[in-house]
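Structure file run_25.pdb (PDB, N, CA and C atoms) follows.
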```
MODEL        1
ATOM      1  N   MET A  66      69.847 256.022 288.174
ATOM      2  CA  MET A  66      69.620 256.981 287.119
ATOM      3  C   MET A  66      70.732 256.803 286.085
ATOM      4  N   GLU A  67      70.366 256.502 284.859
ATOM      5  CA  GLU A  67      71.347 256.233 283.819
ATOM      6  C   GLU A  67      71.561 257.476 282.972
ATOM      7  N   TYR A  68      72.827 257.795 282.700
ATOM      8  CA  TYR A  68      73.133 258.958 281.871
ATOM      9  C   TYR A  68      72.946 258.604 280.411
ATOM     10  N   MET A  69      72.380 259.529 279.669
ATOM     11  CA  MET A  69      72.262 259.363 278.225
ATOM     12  C   MET A  69      72.473 260.735 277.602
ATOM     13  N   ALA A  70      72.787 260.756 276.328
ATOM     14  CA  ALA A  70      72.972 262.027 275.643
ATOM     15  C   ALA A  70      71.751 262.890 275.880
ATOM     16  N   GLY A  71      71.982 264.136 276.241
ATOM     17  CA  GLY A  71      70.877 265.028 276.535
ATOM     18  C   GLY A  71      70.457 264.978 277.992
ATOM     19  N   GLY A  72      71.211 264.279 278.821
ATOM     20  CA  GLY A  72      70.892 264.164 280.235
ATOM     21  C   GLY A  72      71.495 265.287 281.057
ATOM     22  N   SER A  73      71.271 265.212 282.347
ATOM     23  CA  SER A  73      71.776 266.252 283.243
ATOM     24  C   SER A  73      73.190 265.916 283.715
ATOM     25  N   LEU A  74      73.850 266.931 284.239
ATOM     26  CA  LEU A  74      75.177 266.734 284.814
ATOM     27  C   LEU A  74      75.099 265.770 285.994
ATOM     28  N   ARG A  75      74.032 265.837 286.779
ATOM     29  CA  ARG A  75      73.875 264.910 287.909
ATOM     30  C   ARG A  75      73.837 263.465 287.412
ATOM     31  N   ALA A  76      73.103 263.221 286.327
ATOM     32  CA  ALA A  76      73.023 261.863 285.778
ATOM     33  C   ALA A  76      74.397 261.394 285.305
ATOM     34  N   LEU A  77      75.144 262.294 284.689
ATOM     35  CA  LEU A  77      76.490 261.946 284.231
ATOM     36  C   LEU A  77      77.393 261.609 285.411
ATOM     37  N   ILE A  78      77.333 262.405 286.455
ATOM     38  CA  ILE A  78      78.171 262.186 287.639
ATOM     39  C   ILE A  78      77.864 260.837 288.282
ATOM     40  N   HIS A  79      76.595 260.455 288.300
ATOM     41  CA  HIS A  79      76.188 259.210 288.963
ATOM     42  C   HIS A  79      76.209 257.983 288.047
ATOM     43  N   ASP A  80      76.537 258.170 286.776
ATOM     44  CA  ASP A  80      76.592 257.050 285.832
ATOM     45  C   ASP A  80      77.882 256.264 286.062
ATOM     46  N   PRO A  81      77.794 255.003 286.531
ATOM     47  CA  PRO A  81      78.999 254.228 286.808
ATOM     48  C   PRO A  81      79.800 253.900 285.542
ATOM     49  N   ASN A  82      79.179 253.996 284.380
ATOM     50  CA  ASN A  82      79.871 253.698 283.129
ATOM     51  C   ASN A  82      80.475 254.933 282.471
ATOM     52  N   ALA A  83      80.170 256.105 282.992
ATOM     53  CA  ALA A  83      80.676 257.342 282.396
ATOM     54  C   ALA A  83      82.147 257.533 282.748
ATOM     55  N   VAL A  84      82.894 257.966 281.766
ATOM     56  CA  VAL A  84      84.312 258.284 281.969
ATOM     57  C   VAL A  84      84.442 259.799 281.855
ATOM     58  N   ILE A  85      84.694 260.429 282.977
ATOM     59  CA  ILE A  85      84.817 261.880 282.998
ATOM     60  C   ILE A  85      86.305 262.211 283.152
ATOM     61  N   THR A  86      86.945 262.403 282.025
ATOM     62  CA  THR A  86      88.366 262.757 282.033
ATOM     63  C   THR A  86      88.518 264.234 282.379
ATOM     64  N   ASP A  87      89.748 264.667 282.623
ATOM     65  CA  ASP A  87      89.995 266.082 282.888
ATOM     66  C   ASP A  87      89.542 266.927 281.701
ATOM     67  N   ASP A  88      89.761 266.426 280.484
ATOM     68  CA  ASP A  88      89.370 267.154 279.281
ATOM     69  C   ASP A  88      87.848 267.295 279.208
ATOM     70  N   VAL A  89      87.123 266.224 279.501
ATOM     71  CA  VAL A  89      85.654 266.262 279.490
ATOM     72  C   VAL A  89      85.151 267.229 280.556
ATOM     73  N   ALA A  90      85.710 267.150 281.755
ATOM     74  CA  ALA A  90      85.300 268.044 282.842
ATOM     75  C   ALA A  90      85.561 269.505 282.461
ATOM     76  N   ALA A  91      86.717 269.765 281.849
ATOM     77  CA  ALA A  91      87.053 271.129 281.432
ATOM     78  C   ALA A  91      86.060 271.649 280.390
ATOM     79  N   LYS A  92      85.636 270.785 279.470
ATOM     80  CA  LYS A  92      84.679 271.201 278.441
ATOM     81  C   LYS A  92      83.307 271.483 279.042
ATOM     82  N   ILE A  93      82.906 270.684 280.016
ATOM     83  CA  ILE A  93      81.627 270.924 280.690
ATOM     84  C   ILE A  93      81.683 272.236 281.459
ATOM     85  N   ILE A  94      82.768 272.448 282.193
ATOM     86  CA  ILE A  94      82.928 273.693 282.954
ATOM     87  C   ILE A  94      82.965 274.886 282.011
ATOM     88  N   GLN A  95      83.655 274.743 280.869
ATOM     89  CA  GLN A  95      83.700 275.831 279.889
ATOM     90  C   GLN A  95      82.299 276.160 279.387
ATOM     91  N   GLY A  96      81.505 275.132 279.121
ATOM     92  CA  GLY A  96      80.130 275.354 278.666
ATOM     93  C   GLY A  96      79.295 276.077 279.704
ATOM     94  N   ILE A  97      79.444 275.692 280.974
ATOM     95  CA  ILE A  97      78.718 276.366 282.059
ATOM     96  C   ILE A  97      79.158 277.823 282.146
ATOM     97  N   CYS A  98      80.462 278.049 282.096
ATOM     98  CA  CYS A  98      80.992 279.421 282.170
ATOM     99  C   CYS A  98      80.504 280.263 280.995
ATOM    100  N   ASP A  99      80.495 279.689 279.791
ATOM    101  CA  ASP A  99      80.001 280.419 278.619
ATOM    102  C   ASP A  99      78.546 280.848 278.817
ATOM    103  N   ALA A 100      77.731 279.942 279.350
ATOM    104  CA  ALA A 100      76.321 280.254 279.591
ATOM    105  C   ALA A 100      76.179 281.356 280.646
ATOM    106  N   LEU A 101      76.973 281.276 281.706
ATOM    107  CA  LEU A 101      76.905 282.289 282.763
ATOM    108  C   LEU A 101      77.378 283.649 282.266
ATOM    109  N   ILE A 102      78.393 283.659 281.403
ATOM    110  CA  ILE A 102      78.867 284.920 280.824
ATOM    111  C   ILE A 102      77.758 285.543 279.980
ATOM    112  N   GLU A 103      77.114 284.729 279.162
ATOM    113  CA  GLU A 103      76.014 285.228 278.322
ATOM    114  C   GLU A 103      74.884 285.787 279.186
ATOM    115  N   MET A 104      74.557 285.092 280.270
ATOM    116  CA  MET A 104      73.513 285.579 281.171
ATOM    117  C   MET A 104      73.927 286.894 281.824
ATOM    118  N   ASN A 105      75.199 286.983 282.230
ATOM    119  CA  ASN A 105      75.701 288.191 282.869
ATOM    120  C   ASN A 105      75.612 289.382 281.914
ATOM    121  N   LEU A 106      75.928 289.153 280.645
ATOM    122  CA  LEU A 106      75.836 290.223 279.650
ATOM    123  C   LEU A 106      74.403 290.735 279.496
ATOM    124  N   LYS A 107      73.443 289.860 279.806
ATOM    125  CA  LYS A 107      72.030 290.230 279.711
ATOM    126  C   LYS A 107      71.436 290.577 281.077
ATOM    127  N   ASN A 108      72.312 290.686 282.099
ATOM    128  CA  ASN A 108      71.900 291.031 283.468
ATOM    129  C   ASN A 108      70.888 290.051 284.045
ATOM    130  N   ILE A 109      71.093 288.771 283.789
ATOM    131  CA  ILE A 109      70.200 287.740 284.315
ATOM    132  C   ILE A 109      70.951 286.901 285.342
ATOM    133  N   SER A 110      70.329 286.664 286.466
ATOM    134  CA  SER A 110      70.876 285.801 287.511
ATOM    135  C   SER A 110      70.034 284.530 287.573
ATOM    136  N   HIS A 111      70.662 283.363 287.477
ATOM    137  CA  HIS A 111      69.939 282.088 287.441
ATOM    138  C   HIS A 111      69.321 281.754 288.798
ATOM    139  N   ASN A 112      70.085 281.846 289.858
ATOM    140  CA  ASN A 112      69.657 281.628 291.251
ATOM    141  C   ASN A 112      69.337 280.186 291.634
ATOM    142  N   ASP A 113      69.552 279.237 290.756
ATOM    143  CA  ASP A 113      69.317 277.832 291.123
ATOM    144  C   ASP A 113      70.246 276.917 290.318
ATOM    145  N   LEU A 114      71.516 277.304 290.249
ATOM    146  CA  LEU A 114      72.483 276.529 289.482
ATOM    147  C   LEU A 114      72.914 275.306 290.293
ATOM    148  N   LYS A 115      72.651 274.133 289.738
ATOM    149  CA  LYS A 115      72.999 272.866 290.378
ATOM    150  C   LYS A 115      73.118 271.815 289.279
ATOM    151  N   PRO A 116      73.709 270.660 289.560
ATOM    152  CA  PRO A 116      73.908 269.638 288.525
ATOM    153  C   PRO A 116      72.625 269.216 287.799
ATOM    154  N   ASP A 117      71.484 269.232 288.490
ATOM    155  CA  ASP A 117      70.220 268.863 287.837
ATOM    156  C   ASP A 117      69.831 269.860 286.745
ATOM    157  N   ASN A 118      70.291 271.101 286.868
ATOM    158  CA  ASN A 118      69.896 272.155 285.935
ATOM    159  C   ASN A 118      70.950 272.419 284.862
ATOM    160  N   VAL A 119      71.935 271.543 284.769
ATOM    161  CA  VAL A 119      72.929 271.621 283.702
ATOM    162  C   VAL A 119      72.672 270.431 282.781
ATOM    163  N   LEU A 120      72.271 270.719 281.551
ATOM    164  CA  LEU A 120      71.972 269.668 280.585
ATOM    165  C   LEU A 120      73.109 269.553 279.582
ATOM    166  N   ILE A 121      73.452 268.312 279.236
ATOM    167  CA  ILE A 121      74.585 268.072 278.352
ATOM    168  C   ILE A 121      74.143 267.164 277.214
ATOM    169  N   LYS A 122      74.242 267.673 275.997
ATOM    170  CA  LYS A 122      73.882 266.868 274.838
ATOM    171  C   LYS A 122      75.077 266.044 274.368
ATOM    172  N   ASP A 123      76.268 266.651 274.380
ATOM    173  CA  ASP A 123      77.481 265.989 273.888
ATOM    174  C   ASP A 123      78.625 266.390 274.815
ATOM    175  N   ILE A 124      79.138 265.438 275.594
ATOM    176  CA  ILE A 124      80.150 265.780 276.605
ATOM    177  C   ILE A 124      81.457 266.283 275.993
ATOM    178  N   SER A 125      81.664 266.104 274.694
ATOM    179  CA  SER A 125      82.894 266.588 274.075
ATOM    180  C   SER A 125      82.724 267.988 273.480
ATOM    181  N   ASN A 126      81.523 268.561 273.591
ATOM    182  CA  ASN A 126      81.252 269.856 272.977
ATOM    183  C   ASN A 126      80.721 270.840 274.017
ATOM    184  N   PRO A 127      81.544 271.821 274.429
ATOM    185  CA  PRO A 127      81.080 272.779 275.430
ATOM    186  C   PRO A 127      79.838 273.544 274.987
ATOM    187  N   GLY A 128      79.655 273.715 273.682
ATOM    188  CA  GLY A 128      78.495 274.428 273.167
ATOM    189  C   GLY A 128      77.194 273.672 273.368
ATOM    190  N   SER A 129      77.288 272.382 273.695
ATOM    191  CA  SER A 129      76.066 271.594 273.896
ATOM    192  C   SER A 129      75.598 271.630 275.347
ATOM    193  N   VAL A 130      76.347 272.302 276.220
ATOM    194  CA  VAL A 130      75.960 272.433 277.623
ATOM    195  C   VAL A 130      74.939 273.558 277.736
ATOM    196  N   LYS A 131      73.788 273.254 278.305
ATOM    197  CA  LYS A 131      72.710 274.238 278.445
ATOM    198  C   LYS A 131      72.264 274.320 279.902
ATOM    199  N   LEU A 132      71.886 275.511 280.321
ATOM    200  CA  LEU A 132      71.315 275.686 281.651
ATOM    201  C   LEU A 132      69.800 275.606 281.531
ATOM    202  N   ALA A 133      69.172 274.998 282.519
ATOM    203  CA  ALA A 133      67.727 274.804 282.514
ATOM    204  C   ALA A 133      67.117 275.338 283.804
ATOM    205  N   ASP A 134      65.805 275.382 283.853
ATOM    206  CA  ASP A 134      65.015 275.767 285.021
ATOM    207  C   ASP A 134      65.326 277.190 285.477
ATOM    208  N   PHE A 135      64.745 278.125 284.775
ATOM    209  CA  PHE A 135      64.930 279.530 285.094
ATOM    210  C   PHE A 135      63.794 280.068 285.966
ATOM    211  N   GLY A 136      63.150 279.177 286.712
ATOM    212  CA  GLY A 136      62.030 279.572 287.568
ATOM    213  C   GLY A 136      62.389 280.570 288.642
ATOM    214  N   LEU A 137      63.625 280.558 289.110
ATOM    215  CA  LEU A 137      64.069 281.500 290.141
ATOM    216  C   LEU A 137      64.944 282.610 289.582
ATOM    217  N   ALA A 138      65.119 282.631 288.261
ATOM    218  CA  ALA A 138      65.968 283.644 287.632
ATOM    219  C   ALA A 138      65.352 285.029 287.795
ATOM    220  N   GLN A 139      66.216 286.027 287.779
ATOM    221  CA  GLN A 139      65.723 287.384 287.861
ATOM    222  C   GLN A 139      66.689 288.327 287.158
ATOM    223  N   ILE A 140      66.169 289.471 286.759
ATOM    224  CA  ILE A 140      66.987 290.510 286.159
ATOM    225  C   ILE A 140      67.736 291.208 287.292
ATOM    226  N   MET A 141      69.037 291.385 287.093
ATOM    227  CA  MET A 141      69.859 292.040 288.110
ATOM    228  C   MET A 141      69.740 293.551 287.952
ATOM    229  N   GLY A 142      69.591 294.236 289.062
ATOM    230  CA  GLY A 142      69.528 295.693 289.058
ATOM    231  C   GLY A 142      70.913 296.274 289.275
ATOM    232  N   ASN A 143      70.960 297.552 289.615
ATOM    233  CA  ASN A 143      72.232 298.206 289.889
ATOM    234  C   ASN A 143      72.909 297.604 291.110
ATOM    235  N   GLN A 144      72.112 297.238 292.111
ATOM    236  CA  GLN A 144      72.650 296.626 293.312
ATOM    237  C   GLN A 144      71.976 295.276 293.471
ATOM    238  N   MET A 145      72.752 294.226 293.312
ATOM    239  CA  MET A 145      72.172 292.887 293.346
ATOM    240  C   MET A 145      71.661 292.535 294.737
ATOM    241  N   ASP A 146      70.486 291.982 294.782
ATOM    242  CA  ASP A 146      69.881 291.518 296.018
ATOM    243  C   ASP A 146      70.593 290.242 296.442
ATOM    244  N   ILE A 147      71.367 290.308 297.495
ATOM    245  CA  ILE A 147      72.111 289.149 297.973
ATOM    246  C   ILE A 147      71.236 288.411 298.981
ATOM    247  N   GLY A 148      71.023 287.168 298.757
ATOM    248  CA  GLY A 148      70.219 286.378 299.667
ATOM    249  C   GLY A 148      70.248 284.922 299.273
ATOM    250  N   GLU A 149      69.649 284.100 300.080
ATOM    251  CA  GLU A 149      69.644 282.667 299.825
ATOM    252  C   GLU A 149      68.475 282.322 298.919
ATOM    253  N   ARG A 150      68.770 281.604 297.838
ATOM    254  CA  ARG A 150      67.751 281.189 296.886
ATOM    255  C   ARG A 150      68.076 279.783 296.429
ATOM    256  N   GLY A 151      67.188 279.232 295.663
ATOM    257  CA  GLY A 151      67.450 277.959 295.010
ATOM    258  C   GLY A 151      67.225 276.762 295.899
ATOM    259  N   THR A 152      67.768 275.645 295.443
ATOM    260  CA  THR A 152      67.604 274.383 296.132
ATOM    261  C   THR A 152      68.902 274.036 296.848
ATOM    262  N   LYS A 153      68.822 273.679 298.107
ATOM    263  CA  LYS A 153      70.019 273.251 298.830
ATOM    264  C   LYS A 153      70.409 271.851 298.354
ATOM    265  N   ILE A 154      71.684 271.688 298.049
ATOM    266  CA  ILE A 154      72.166 270.389 297.582
ATOM    267  C   ILE A 154      73.200 269.838 298.523
TER     268      ILE A 154
ENDMDL
END
```

Starting from the file, lay out its structure as structure tokens.
Amino acid sequence: MEYMAGGSLRALIHDPNAVITDDVAAKIIQGICDALIEMNLKNISHNDLKPDNVLIKDISNPGSVKLADFGLAQIMGNQMDIGERGTKI
């Protein structure tokens, strides 16, 4: 699986030509955190966060990191339903 702009985090991780410096990793993590904060503000739980569901358009721009596949997402209530969901990786 070859990584290309607009690919998933999994593709980037498995790309033998990709150079993931500490700075690049920090920007990707920042983008994921920004998305999760935005979801939390809207009381949305993704429930299937994994490298396949993290899309990256530009590895140098945290704003280009997007979360995908909200098929298991749900609105959080007053008491969050704790349980096993998503895909085991």

- Message: As a check of understanding, name the residues that the PyMOL selection byres ((chain A and resi 124) around 7) selects in the supplied structure, as a PyMOL selection string.
- Response: chain A and resi 89+92-93+121-123+125-127

- Query: Could you write out as a PyMOL selection string the residues that the PyMOL selection byres ((chain A and resi 113) around 8) matches in the shown file?
  - Reply: chain A and resi 110-112+114-119+133-138+150-152

- as a ChimeraX atom specification, please: all residues of region 69-151 of chain A that backbone DSSP puts in helix (DSSP H, G or I). /A:74-79,87-106,116-118,127-129

Residues as selected, N, CA and C atoms, written as a short mmCIF file (atom, residue, chain, number, x, y, z; two decimals), in the coordinates of the input, can you do that?
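Listing of again22.cif after writing:
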```
data_model
loop_
_atom_site.label_atom_id
_atom_site.label_comp_id
_atom_site.auth_asym_id
_atom_site.auth_seq_id
_atom_site.Cartn_x
_atom_site.Cartn_y
_atom_site.Cartn_z
N LEU A 74 73.85 266.93 284.24
CA LEU A 74 75.18 266.73 284.81
C LEU A 74 75.10 265.77 285.99
N ARG A 75 74.03 265.84 286.78
CA ARG A 75 73.88 264.91 287.91
C ARG A 75 73.84 263.46 287.41
N ALA A 76 73.10 263.22 286.33
CA ALA A 76 73.02 261.86 285.78
C ALA A 76 74.40 261.39 285.30
N LEU A 77 75.14 262.29 284.69
CA LEU A 77 76.49 261.95 284.23
C LEU A 77 77.39 261.61 285.41
N ILE A 78 77.33 262.40 286.46
CA ILE A 78 78.17 262.19 287.64
C ILE A 78 77.86 260.84 288.28
N HIS A 79 76.60 260.46 288.30
CA HIS A 79 76.19 259.21 288.96
C HIS A 79 76.21 257.98 288.05
N ASP A 87 89.75 264.67 282.62
CA ASP A 87 90.00 266.08 282.89
C ASP A 87 89.54 266.93 281.70
N ASP A 88 89.76 266.43 280.48
CA ASP A 88 89.37 267.15 279.28
C ASP A 88 87.85 267.30 279.21
N VAL A 89 87.12 266.22 279.50
CA VAL A 89 85.65 266.26 279.49
C VAL A 89 85.15 267.23 280.56
N ALA A 90 85.71 267.15 281.76
CA ALA A 90 85.30 268.04 282.84
C ALA A 90 85.56 269.50 282.46
N ALA A 91 86.72 269.76 281.85
CA ALA A 91 87.05 271.13 281.43
C ALA A 91 86.06 271.65 280.39
N LYS A 92 85.64 270.79 279.47
CA LYS A 92 84.68 271.20 278.44
C LYS A 92 83.31 271.48 279.04
N ILE A 93 82.91 270.68 280.02
CA ILE A 93 81.63 270.92 280.69
C ILE A 93 81.68 272.24 281.46
N ILE A 94 82.77 272.45 282.19
CA ILE A 94 82.93 273.69 282.95
C ILE A 94 82.96 274.89 282.01
N GLN A 95 83.66 274.74 280.87
CA GLN A 95 83.70 275.83 279.89
C GLN A 95 82.30 276.16 279.39
N GLY A 96 81.50 275.13 279.12
CA GLY A 96 80.13 275.35 278.67
C GLY A 96 79.30 276.08 279.70
N ILE A 97 79.44 275.69 280.97
CA ILE A 97 78.72 276.37 282.06
C ILE A 97 79.16 277.82 282.15
N CYS A 98 80.46 278.05 282.10
CA CYS A 98 80.99 279.42 282.17
C CYS A 98 80.50 280.26 281.00
N ASP A 99 80.50 279.69 279.79
CA ASP A 99 80.00 280.42 278.62
C ASP A 99 78.55 280.85 278.82
N ALA A 100 77.73 279.94 279.35
CA ALA A 100 76.32 280.25 279.59
C ALA A 100 76.18 281.36 280.65
N LEU A 101 76.97 281.28 281.71
CA LEU A 101 76.90 282.29 282.76
C LEU A 101 77.38 283.65 282.27
N ILE A 102 78.39 283.66 281.40
CA ILE A 102 78.87 284.92 280.82
C ILE A 102 77.76 285.54 279.98
N GLU A 103 77.11 284.73 279.16
CA GLU A 103 76.01 285.23 278.32
C GLU A 103 74.88 285.79 279.19
N MET A 104 74.56 285.09 280.27
CA MET A 104 73.51 285.58 281.17
C MET A 104 73.93 286.89 281.82
N ASN A 105 75.20 286.98 282.23
CA ASN A 105 75.70 288.19 282.87
C ASN A 105 75.61 289.38 281.91
N LEU A 106 75.93 289.15 280.64
CA LEU A 106 75.84 290.22 279.65
C LEU A 106 74.40 290.74 279.50
N PRO A 116 73.71 270.66 289.56
CA PRO A 116 73.91 269.64 288.52
C PRO A 116 72.62 269.22 287.80
N ASP A 117 71.48 269.23 288.49
CA ASP A 117 70.22 268.86 287.84
C ASP A 117 69.83 269.86 286.74
N ASN A 118 70.29 271.10 286.87
CA ASN A 118 69.90 272.15 285.94
C ASN A 118 70.95 272.42 284.86
N PRO A 127 81.54 271.82 274.43
CA PRO A 127 81.08 272.78 275.43
C PRO A 127 79.84 273.54 274.99
N GLY A 128 79.66 273.71 273.68
CA GLY A 128 78.50 274.43 273.17
C GLY A 128 77.19 273.67 273.37
N SER A 129 77.29 272.38 273.70
CA SER A 129 76.07 271.59 273.90
C SER A 129 75.60 271.63 275.35
#
```

- Query: atom N of Ala90 (chain A) and CA of Ser73 (chain A), how far apart in Å?
  - Reply: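 About the pair CA of Ser73 (chain A) and atom N of Ala90 (chain A): they are 14.0 Å apart.
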
- Message: Between CA of Ile94 (chain A) and CA of Leu120 (chain A), what is the distance in Å, rounded to a tenth?
- Response: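 Separating CA of Ile94 (chain A) from CA of Leu120 (chain A) is a distance of 11.9 Å.
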
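Atom N of Ala100 (chain A) to atom N of Lys131 (chain A) spans 7.8 Å [interatomic distance, one decimal].
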
- Task: For region 101-109 of chain A, work out the shell of residues within 6 Å, counting only C-alpha atoms and skipping chain neighbours fewer than 4 positions away, then give it as a count of residues only.
- Result: 3

What are the centre and edge lengths in Å, to one decimal, of the axis-aligned box around all listed atoms of region 123-132 of chain A with 6 Å added on each side, as lines of an AutoDock Vina configuration file?
```
center_x = 76.3
center_y = 270.6
center_z = 277.3
size_x = 25.1
size_y = 22.2
size_z = 20.7
```
